[in-house]
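Visitor: You'll find protein35.cif just under this line, and it carries mmCIF, C-alpha atoms.
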```cif
data_entry
#
loop_
_atom_site.label_atom_id
_atom_site.label_comp_id
_atom_site.auth_asym_id
_atom_site.auth_seq_id
_atom_site.Cartn_x
_atom_site.Cartn_y
_atom_site.Cartn_z
CA MET A 1 118.92 103.15 93.87
CA PRO A 2 116.53 101.34 91.49
CA VAL A 3 112.87 102.38 91.38
CA LEU A 4 109.67 101.18 89.75
CA ILE A 5 108.24 103.51 87.12
CA ALA A 6 105.50 103.40 84.51
CA PRO A 7 106.88 102.44 81.09
CA ASP A 8 108.44 105.51 79.48
CA VAL A 9 109.64 106.11 75.91
CA SER A 10 112.74 107.92 77.19
CA TYR A 11 114.18 104.48 78.06
CA HIS A 12 113.98 103.27 74.45
CA ALA A 13 117.71 102.61 73.89
CA SER A 14 118.31 101.13 77.33
CA TRP A 15 115.15 98.98 77.09
CA LEU A 16 116.35 97.58 73.76
CA GLU A 17 119.80 96.80 75.22
CA GLY A 18 118.30 95.12 78.27
CA SER A 19 115.74 93.16 76.27
CA ALA A 20 118.41 91.92 73.84
CA GLU A 21 120.26 90.37 76.82
CA PHE A 22 117.41 87.86 77.22
CA ASP A 23 118.32 86.45 73.79
CA GLY A 24 114.74 85.36 73.12
CA ALA A 25 114.11 83.85 76.56
CA ASN A 26 110.80 84.58 78.28
CA ARG A 27 110.68 87.92 80.11
CA ASP A 28 108.02 87.49 82.76
CA GLY A 29 106.35 90.80 83.48
CA GLY A 30 107.64 92.33 80.26
CA GLY A 31 104.35 92.64 78.44
CA PRO A 32 102.76 90.93 75.47
CA ALA A 33 105.14 88.94 73.31
CA ASP A 34 103.35 90.19 70.18
CA TRP A 35 106.05 92.83 69.61
CA SER A 36 109.40 91.75 68.17
CA LEU A 37 112.63 93.47 69.15
CA ALA A 38 113.20 94.27 65.48
CA GLU A 39 109.85 96.12 65.34
CA LEU A 40 110.55 97.93 68.59
CA ASN A 41 113.75 99.45 67.23
CA ASP A 42 111.48 101.93 65.48
CA ALA A 43 110.72 104.91 67.78
CA GLN A 44 107.05 105.21 66.72
CA THR A 45 106.42 101.50 67.21
CA PHE A 46 108.10 101.67 70.62
CA ARG A 47 105.84 104.62 71.53
CA ARG A 48 102.77 102.52 70.62
CA PHE A 49 104.17 99.62 72.68
CA VAL A 50 104.68 101.83 75.75
CA ASP A 51 101.20 103.32 75.31
CA ALA A 52 99.70 99.81 75.11
CA LEU A 53 101.52 98.75 78.30
CA VAL A 54 100.24 101.78 80.22
CA LYS A 55 96.66 101.39 78.95
CA ASP A 56 96.57 97.70 79.84
CA ALA A 57 95.89 98.69 83.46
CA LEU A 58 92.49 100.07 82.44
CA PRO A 59 89.68 97.49 82.66
CA GLU A 60 88.08 98.81 79.46
CA SER A 61 91.22 98.44 77.35
CA PRO A 62 90.95 95.81 74.62
CA ARG A 63 92.95 92.65 75.29
CA LYS A 64 93.04 89.02 74.28
CA PRO A 65 90.33 86.92 75.97
CA GLU A 66 92.90 84.99 78.04
CA HIS A 67 94.51 88.20 79.41
CA VAL A 68 93.48 90.23 82.45
CA PRO A 69 94.02 93.91 83.30
CA CYS A 70 97.66 94.42 84.23
CA THR A 71 99.83 97.24 85.56
CA TYR A 72 103.23 97.11 83.87
CA LEU A 73 106.19 98.71 85.60
CA TRP A 74 109.86 99.05 84.75
CA ILE A 75 112.75 98.69 87.16
CA VAL A 76 115.18 101.51 86.39
CA GLU A 77 118.22 103.12 87.92
CA GLY A 78 118.99 106.56 86.54
CA ASP A 79 118.66 106.24 82.79
CA THR A 80 119.24 102.47 82.78
CA PHE A 81 116.45 99.93 82.28
CA LEU A 82 117.05 96.99 84.63
CA GLY A 83 113.90 94.91 84.25
CA SER A 84 110.14 94.61 84.23
CA LEU A 85 107.41 93.81 86.71
CA ALA A 86 103.72 93.20 86.07
CA ILE A 87 100.86 93.27 88.56
CA ARG A 88 97.92 91.29 87.20
CA HIS A 89 94.74 92.68 88.71
CA GLU A 90 92.90 89.36 88.85
CA LEU A 91 93.54 85.68 88.34
CA ASN A 92 92.18 83.49 85.58
CA GLU A 93 92.65 79.72 85.63
CA PHE A 94 96.14 79.83 84.11
CA LEU A 95 97.33 82.59 86.45
CA LEU A 96 95.88 80.77 89.47
CA ASN A 97 97.79 77.61 88.61
CA GLU A 98 100.99 78.87 87.01
CA GLY A 99 101.34 82.62 86.48
CA GLY A 100 100.27 84.44 89.64
CA HIS A 101 99.43 88.10 90.28
CA ILE A 102 102.99 89.39 89.94
CA GLY A 103 105.66 88.47 87.45
CA TYR A 104 109.09 90.04 87.08
CA SER A 105 112.34 89.70 85.23
CA VAL A 106 115.71 91.41 85.57
CA ARG A 107 118.10 91.74 82.64
CA PRO A 108 120.94 89.21 82.95
CA SER A 109 123.70 91.82 83.45
CA ALA A 110 121.85 93.26 86.48
CA ARG A 111 120.98 90.03 88.30
CA ARG A 112 122.16 88.93 91.76
CA ARG A 113 122.07 92.46 93.14
CA GLY A 114 118.69 92.38 94.92
CA HIS A 115 116.80 94.32 92.22
CA ALA A 116 113.98 91.77 91.93
CA ALA A 117 113.49 91.56 95.71
CA ALA A 118 113.41 95.35 96.04
CA ALA A 119 111.01 95.72 93.10
CA LEU A 120 108.70 93.08 94.54
CA ALA A 121 108.74 94.84 97.94
CA ASP A 122 107.81 98.11 96.20
CA ALA A 123 105.05 96.41 94.19
CA LEU A 124 103.23 94.89 97.17
CA PRO A 125 101.71 98.20 98.38
CA MET A 126 100.66 98.92 94.79
CA ALA A 127 98.87 95.57 94.66
CA ARG A 128 97.11 96.47 97.91
CA GLU A 129 96.01 99.79 96.38
CA LEU A 130 94.57 97.81 93.45
CA GLY A 131 92.41 95.90 95.95
CA ILE A 132 94.45 92.69 96.03
CA PRO A 133 94.71 91.63 99.71
CA ARG A 134 96.81 88.55 98.95
CA VAL A 135 99.06 88.12 95.93
CA LEU A 136 100.04 84.87 94.31
CA LEU A 137 103.57 84.53 92.93
CA THR A 138 104.95 81.53 91.12
CA CYS A 139 108.37 80.39 90.03
CA ASP A 140 109.87 77.36 88.37
CA GLU A 141 110.64 74.63 90.87
CA ASN A 142 114.35 74.86 90.03
CA ASN A 143 114.64 78.68 90.12
CA ALA A 144 116.47 79.21 93.42
CA GLY A 145 116.92 82.95 92.80
CA SER A 146 113.22 83.60 92.32
CA ARG A 147 112.32 81.40 95.30
CA ALA A 148 114.69 83.47 97.46
CA THR A 149 113.20 86.73 96.12
CA ILE A 150 109.66 85.63 96.95
CA GLU A 151 110.56 84.20 100.37
CA LYS A 152 112.51 87.36 101.28
CA ASN A 153 109.25 89.25 100.76
CA GLY A 154 107.25 86.95 103.03
CA GLY A 155 106.04 84.42 100.48
CA VAL A 156 104.56 81.26 101.95
CA CYS A 157 104.64 78.23 99.66
CA GLU A 158 101.25 76.58 99.22
CA ASP A 159 102.10 73.86 96.69
CA THR A 160 103.64 73.02 93.33
CA ARG A 161 101.58 72.70 90.16
CA ASN A 162 102.92 71.82 86.72
CA GLY A 163 106.49 72.46 87.89
CA LYS A 164 105.64 75.87 89.39
CA ARG A 165 105.97 76.62 93.10
CA ARG A 166 103.02 78.76 94.25
CA TYR A 167 103.52 81.34 97.01
CA TRP A 168 101.09 83.73 98.71
CA ILE A 169 102.01 87.10 100.24
CA ASN A 170 99.55 89.21 102.26
CA THR A 171 99.48 92.86 101.17
CA VAL A 172 97.37 94.11 104.09
#
```
Now that the file is in, can you turn its structure into C-alpha coordinates?

Guide:
Amino acid sequence: MPVLIAPDVSYHASWLEGSAEFDGANRDGGGPADWSLAELNDAQTFRRFVDALVKDALPESPRKPEHVPCTYLWIVEGDTFLGSLAIRHELNEFLLNEGGHIGYSVRPSARRRGHAAAALADALPMARELGIPRVLLTCDENNAGSRATIEKNGGVCEDTRNGKRRYWINTV
(Lines of atoms letter the chains of each structure in order from A and count residues from 1; the text may use other names and numbers.)
(Lines give C-alpha, C1' and ligand atoms only; values in the text may rest on other atoms or scores of the structure.)
Protein backbone atom coordinates (compact mmCIF):
# COMPACT_ATOMS: atom_id res chain seq x y z
CA MET A 1 0.00 0.00 0.00
CA PRO A 2 1.46 3.40 -0.99
CA VAL A 3 2.33 5.90 1.74
CA LEU A 4 3.48 9.51 1.96
CA ILE A 5 7.00 9.99 3.30
CA ALA A 6 9.48 12.83 3.63
CA PRO A 7 11.94 12.87 0.72
CA ASP A 8 14.65 10.28 1.36
CA VAL A 9 17.99 9.68 -0.40
CA SER A 10 17.43 5.91 -0.28
CA TYR A 11 14.95 6.35 -3.17
CA HIS A 12 17.60 7.86 -5.46
CA ALA A 13 17.48 5.24 -8.24
CA SER A 14 13.71 4.84 -8.16
CA TRP A 15 13.19 8.63 -8.04
CA LEU A 16 15.39 9.02 -11.13
CA GLU A 17 13.45 6.28 -12.98
CA GLY A 18 10.10 7.81 -12.05
CA SER A 19 11.17 11.35 -12.88
CA ALA A 20 12.52 10.27 -16.28
CA GLU A 21 9.02 8.97 -17.15
CA PHE A 22 7.75 12.56 -17.19
CA ASP A 23 10.04 13.23 -20.17
CA GLY A 24 10.43 16.90 -19.25
CA ALA A 25 6.74 17.53 -18.50
CA ASN A 26 5.84 19.54 -15.42
CA ARG A 27 5.78 17.53 -12.18
CA ASP A 28 3.46 19.44 -9.88
CA GLY A 29 4.49 18.94 -6.29
CA GLY A 30 7.94 17.71 -7.28
CA GLY A 31 9.95 20.63 -6.01
CA PRO A 32 11.92 23.43 -7.62
CA ALA A 33 12.71 22.93 -11.28
CA ASP A 34 16.19 24.37 -10.72
CA TRP A 35 17.70 20.87 -10.58
CA SER A 36 18.19 18.94 -13.82
CA LEU A 37 17.85 15.17 -13.97
CA ALA A 38 21.42 15.01 -15.28
CA GLU A 39 22.68 16.83 -12.16
CA LEU A 40 20.58 14.66 -9.86
CA ASN A 41 22.22 11.48 -11.14
CA ASP A 42 25.10 12.41 -8.85
CA ALA A 43 24.51 11.02 -5.32
CA GLN A 44 25.90 14.11 -3.52
CA THR A 45 23.79 16.48 -5.62
CA PHE A 46 20.72 14.32 -4.97
CA ARG A 47 21.47 14.47 -1.23
CA ARG A 48 21.56 18.30 -1.41
CA PHE A 49 18.28 18.25 -3.38
CA VAL A 50 16.56 16.06 -0.78
CA ASP A 51 17.91 18.25 2.03
CA ALA A 52 16.59 21.37 0.28
CA LEU A 53 13.14 19.79 -0.14
CA VAL A 54 12.95 18.88 3.56
CA LYS A 55 14.19 22.30 4.72
CA ASP A 56 11.70 24.14 2.51
CA ALA A 57 9.02 23.46 5.14
CA LEU A 58 10.84 25.76 7.58
CA PRO A 59 9.69 29.39 7.39
CA GLU A 60 13.25 30.66 7.86
CA SER A 61 14.69 28.67 4.95
CA PRO A 62 15.89 30.82 2.06
CA ARG A 63 13.68 30.69 -1.02
CA LYS A 64 12.88 32.72 -4.09
CA PRO A 65 10.64 35.73 -3.38
CA GLU A 66 7.71 34.20 -5.29
CA HIS A 67 7.86 30.91 -3.32
CA VAL A 68 6.19 30.10 0.01
CA PRO A 69 7.11 27.55 2.70
CA CYS A 70 6.22 24.09 1.44
CA THR A 71 6.17 20.55 2.82
CA TYR A 72 7.32 18.14 0.12
CA LEU A 73 6.29 14.50 0.36
CA TRP A 74 6.89 11.46 -1.79
CA ILE A 75 4.36 8.77 -2.63
CA VAL A 76 6.15 5.44 -2.29
CA GLU A 77 5.29 1.77 -2.17
CA GLY A 78 8.03 -0.40 -0.73
CA ASP A 79 11.23 0.78 -2.38
CA THR A 80 9.45 2.28 -5.39
CA PHE A 81 8.94 6.03 -5.88
CA LEU A 82 5.46 6.61 -7.31
CA GLY A 83 5.09 10.38 -7.21
CA SER A 84 5.28 13.66 -5.34
CA LEU A 85 2.94 15.85 -3.34
CA ALA A 86 3.53 19.35 -2.01
CA ILE A 87 1.60 21.19 0.69
CA ARG A 88 2.13 24.93 0.32
CA HIS A 89 1.70 26.53 3.73
CA GLU A 90 0.19 29.77 2.44
CA LEU A 91 -1.12 31.27 -0.77
CA ASN A 92 0.43 34.10 -2.75
CA GLU A 93 -1.41 35.67 -5.69
CA PHE A 94 -0.30 33.03 -8.20
CA LEU A 95 -1.18 30.13 -5.89
CA LEU A 96 -4.57 31.69 -5.10
CA ASN A 97 -5.43 31.94 -8.78
CA GLU A 98 -3.70 28.95 -10.33
CA GLY A 99 -1.53 26.79 -8.07
CA GLY A 100 -3.39 26.10 -4.83
CA HIS A 101 -2.19 24.75 -1.48
CA ILE A 102 -1.59 21.19 -2.67
CA GLY A 103 -0.03 19.95 -5.87
CA TYR A 104 0.74 16.36 -6.82
CA SER A 105 1.95 14.21 -9.65
CA VAL A 106 2.16 10.46 -10.16
CA ARG A 107 4.69 8.88 -12.49
CA PRO A 108 3.02 7.80 -15.74
CA SER A 109 3.55 4.04 -15.20
CA ALA A 110 1.70 4.23 -11.85
CA ARG A 111 -1.33 6.27 -12.90
CA ARG A 112 -4.99 5.20 -12.86
CA ARG A 113 -4.57 3.14 -9.70
CA GLY A 114 -5.89 5.63 -7.13
CA HIS A 115 -2.46 6.71 -5.84
CA ALA A 116 -3.15 10.45 -6.22
CA ALA A 117 -6.54 10.21 -4.49
CA ALA A 118 -5.07 8.23 -1.59
CA ALA A 119 -2.11 10.60 -1.26
CA LEU A 120 -4.42 13.61 -1.24
CA ALA A 121 -6.60 11.99 1.44
CA ASP A 122 -3.48 11.38 3.55
CA ALA A 123 -2.26 14.96 3.01
CA LEU A 124 -5.44 16.68 4.20
CA PRO A 125 -4.85 15.96 7.93
CA MET A 126 -1.26 17.15 7.49
CA ALA A 127 -2.55 20.43 6.04
CA ARG A 128 -4.87 20.76 9.04
CA GLU A 129 -1.88 20.23 11.37
CA LEU A 130 -0.10 23.05 9.50
CA GLY A 131 -3.01 25.34 10.40
CA ILE A 132 -4.74 25.32 7.01
CA PRO A 133 -8.49 24.94 7.68
CA ARG A 134 -9.42 24.96 3.98
CA VAL A 135 -7.14 23.93 1.15
CA LEU A 136 -7.29 25.14 -2.41
CA LEU A 137 -6.53 22.67 -5.20
CA THR A 138 -6.43 23.45 -8.87
CA CYS A 139 -6.27 21.44 -12.05
CA ASP A 140 -6.34 22.11 -15.76
CA GLU A 141 -9.87 22.41 -17.07
CA ASN A 142 -9.33 19.38 -19.32
CA ASN A 143 -7.66 17.12 -16.71
CA ALA A 144 -10.48 14.68 -15.94
CA GLY A 145 -8.24 12.47 -13.78
CA SER A 146 -7.21 15.28 -11.47
CA ARG A 147 -10.79 16.59 -11.27
CA ALA A 148 -11.93 13.12 -10.19
CA THR A 149 -9.12 12.91 -7.60
CA ILE A 150 -10.07 16.25 -6.07
CA GLU A 151 -13.82 15.58 -6.14
CA LYS A 152 -13.32 12.13 -4.58
CA ASN A 153 -11.72 13.94 -1.63
CA GLY A 154 -14.62 16.35 -1.20
CA GLY A 155 -13.44 19.19 -3.42
CA VAL A 156 -16.08 21.78 -4.24
CA CYS A 157 -15.47 23.76 -7.42
CA GLU A 158 -15.56 27.51 -6.91
CA ASP A 159 -14.66 28.74 -10.40
CA THR A 160 -12.21 28.56 -13.29
CA ARG A 161 -9.38 31.07 -13.73
CA ASN A 162 -6.87 31.10 -16.56
CA GLY A 163 -7.90 27.58 -17.59
CA LYS A 164 -7.58 26.20 -14.04
CA ARG A 165 -10.53 24.79 -12.11
CA ARG A 166 -10.32 25.88 -8.45
CA TYR A 167 -11.59 23.58 -5.71
CA TRP A 168 -11.79 24.00 -1.93
CA ILE A 169 -11.66 21.17 0.62
CA ASN A 170 -12.26 21.69 4.36
CA THR A 171 -9.61 20.06 6.54
CA VAL A 172 -11.43 20.57 9.85

Visitor: I'd like the residues picked by the PyMOL selection byres ((chain A and resi 170) around 10) written out as number ranges by chain, using the chain letters and numbers from the file.

Guide: A: 124, 127-128, 132-136, 153-156, 168-169, 171-172

Visitor: Just to be explicit: take each residue in the selection above, keep C-alpha atoms, and write the result as a PDB file, keeping the file's coordinate frame.

Guide:
```pdb
ATOM      1  CA  LEU A 124     103.230  94.890  97.170  1.00  0.00           C
ATOM      2  CA  ALA A 127      98.870  95.570  94.660  1.00  0.00           C
ATOM      3  CA  ARG A 128      97.110  96.470  97.910  1.00  0.00           C
ATOM      4  CA  ILE A 132      94.450  92.690  96.030  1.00  0.00           C
ATOM      5  CA  PRO A 133      94.710  91.630  99.710  1.00  0.00           C
ATOM      6  CA  ARG A 134      96.810  88.550  98.950  1.00  0.00           C
ATOM      7  CA  VAL A 135      99.060  88.120  95.930  1.00  0.00           C
ATOM      8  CA  LEU A 136     100.040  84.870  94.310  1.00  0.00           C
ATOM      9  CA  ASN A 153     109.250  89.250 100.760  1.00  0.00           C
ATOM     10  CA  GLY A 154     107.250  86.950 103.030  1.00  0.00           C
ATOM     11  CA  GLY A 155     106.040  84.420 100.480  1.00  0.00           C
ATOM     12  CA  VAL A 156     104.560  81.260 101.950  1.00  0.00           C
ATOM     13  CA  TRP A 168     101.090  83.730  98.710  1.00  0.00           C
ATOM     14  CA  ILE A 169     102.010  87.100 100.240  1.00  0.00           C
ATOM     15  CA  THR A 171      99.480  92.860 101.170  1.00  0.00           C
ATOM     16  CA  VAL A 172      97.370  94.110 104.090  1.00  0.00           C
TER      17      VAL A 172
END
```

Visitor: Excluding same-chain residues fewer than 5 positions from His115 in chain A, what lies within 8 Å of it counting only C-alpha atoms, as a list in words?

Guide: Pro2, Ile75, Val106 and Ala110 of chain A

Visitor: Excluding Gln44 in chain A and residues on its chain fewer than 6 positions from it, collect all residues at most 12 Å away from it, counting only C-alpha atoms, and give them as a ChimeraX atom specification.

Guide: /A:9,12,50-51

Visitor: For Trp15 in chain A, which residue out of A:Gly83, A:Gly78, A:Gly31, A:Gly99 is the nearest one, using all atoms listed in the file?

Guide: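 Nearest to Trp15 in chain A: A:Gly83.
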
Visitor: Identify, on the basis of all atoms listed in the file, every residue whose closest approach to Gly114 in chain A does not exceed 12 Å; exclude the query and any residue fewer than 2 positions from it along the same chain; express the result as a PDB file with C-alpha atoms, in the coordinates of the input.

Guide:
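As written to disk, selection_39.pdb reads:
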```pdb
ATOM      1  CA  MET A   1     118.920 103.150  93.870  1.00  0.00           C
ATOM      2  CA  PRO A   2     116.530 101.340  91.490  1.00  0.00           C
ATOM      3  CA  ILE A  75     112.750  98.690  87.160  1.00  0.00           C
ATOM      4  CA  LEU A  82     117.050  96.990  84.630  1.00  0.00           C
ATOM      5  CA  GLY A  83     113.900  94.910  84.250  1.00  0.00           C
ATOM      6  CA  SER A 105     112.340  89.700  85.230  1.00  0.00           C
ATOM      7  CA  VAL A 106     115.710  91.410  85.570  1.00  0.00           C
ATOM      8  CA  ALA A 110     121.850  93.260  86.480  1.00  0.00           C
ATOM      9  CA  ARG A 111     120.980  90.030  88.300  1.00  0.00           C
ATOM     10  CA  ARG A 112     122.160  88.930  91.760  1.00  0.00           C
ATOM     11  CA  ALA A 116     113.980  91.770  91.930  1.00  0.00           C
ATOM     12  CA  ALA A 117     113.490  91.560  95.710  1.00  0.00           C
ATOM     13  CA  ALA A 118     113.410  95.350  96.040  1.00  0.00           C
ATOM     14  CA  ALA A 119     111.010  95.720  93.100  1.00  0.00           C
ATOM     15  CA  LEU A 120     108.700  93.080  94.540  1.00  0.00           C
ATOM     16  CA  ALA A 121     108.740  94.840  97.940  1.00  0.00           C
ATOM     17  CA  GLY A 145     116.920  82.950  92.800  1.00  0.00           C
ATOM     18  CA  SER A 146     113.220  83.600  92.320  1.00  0.00           C
ATOM     19  CA  ALA A 148     114.690  83.470  97.460  1.00  0.00           C
ATOM     20  CA  THR A 149     113.200  86.730  96.120  1.00  0.00           C
ATOM     21  CA  ILE A 150     109.660  85.630  96.950  1.00  0.00           C
ATOM     22  CA  LYS A 152     112.510  87.360 101.280  1.00  0.00           C
ATOM     23  CA  ASN A 153     109.250  89.250 100.760  1.00  0.00           C
TER      24      ASN A 153
END
```

Visitor: Let me know the residues the PyMOL selection byres ((chain A and resi 157) around 6) catches in the file above, as a PyMOL selection string.

Guide: chain A and resi 156+158-159+166-167

Visitor: Just want the 9 Å neighbourhood of Phe22 in chain A, counted on only C-alpha atoms, with same-chain residues fewer than 4 positions away dropped. Output as number ranges by chain.

Guide: A: 18, 26-27, 107-108

Visitor: Taking all atoms listed in the file into account, which of A:Val3, A:Ala25, A:Ala38, A:Ala13 comes nearest Asp122 in chain A?

Guide: A:Val3

Visitor: Which one of A:Leu137, A:Ala20, A:Val68, A:Leu130 sits closest to Ile102 in chain A if you count only C-alpha atoms?

Guide: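 For Ile102 in chain A, the nearest of the candidates is A:Leu137.
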
Visitor: Could you state the separation of CA of Tyr104 in chain A and CA of Leu4 in chain A in Å, given to one decimal place?

Guide: 11.5 Å

Visitor: Using the chain letters and numbers from the file, which residues does the PyMOL selection byres ((chain A and resi 141) around 9) grab, as a count of residues only?

Guide: 11

Visitor: As an exercise, work out the distance from CA of Pro32 in chain A to CA of Ser109 in chain A in Å and give it to one decimal place.

Guide: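 Answer for the CA of Pro32 in chain A to CA of Ser109 in chain A separation: 22.4 Å.
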
Visitor: What gap, in Å, lies between CA of Leu37 in chain A and CA of Ser19 in chain A?

Guide: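 CA of Ser19 in chain A lies at a distance of 7.8 Å from CA of Leu37 in chain A.
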
Visitor: Box in all listed atoms of range 87-106 of chain A, axis-aligned, with 8 Å more on each side; write out centre and edge lengths in Å to one decimal as JSON.

Guide:
```
{"center_x": 103.9, "center_y": 85.4, "center_z": 87.2, "size_x": 39.5, "size_y": 31.7, "size_z": 22.2}
```
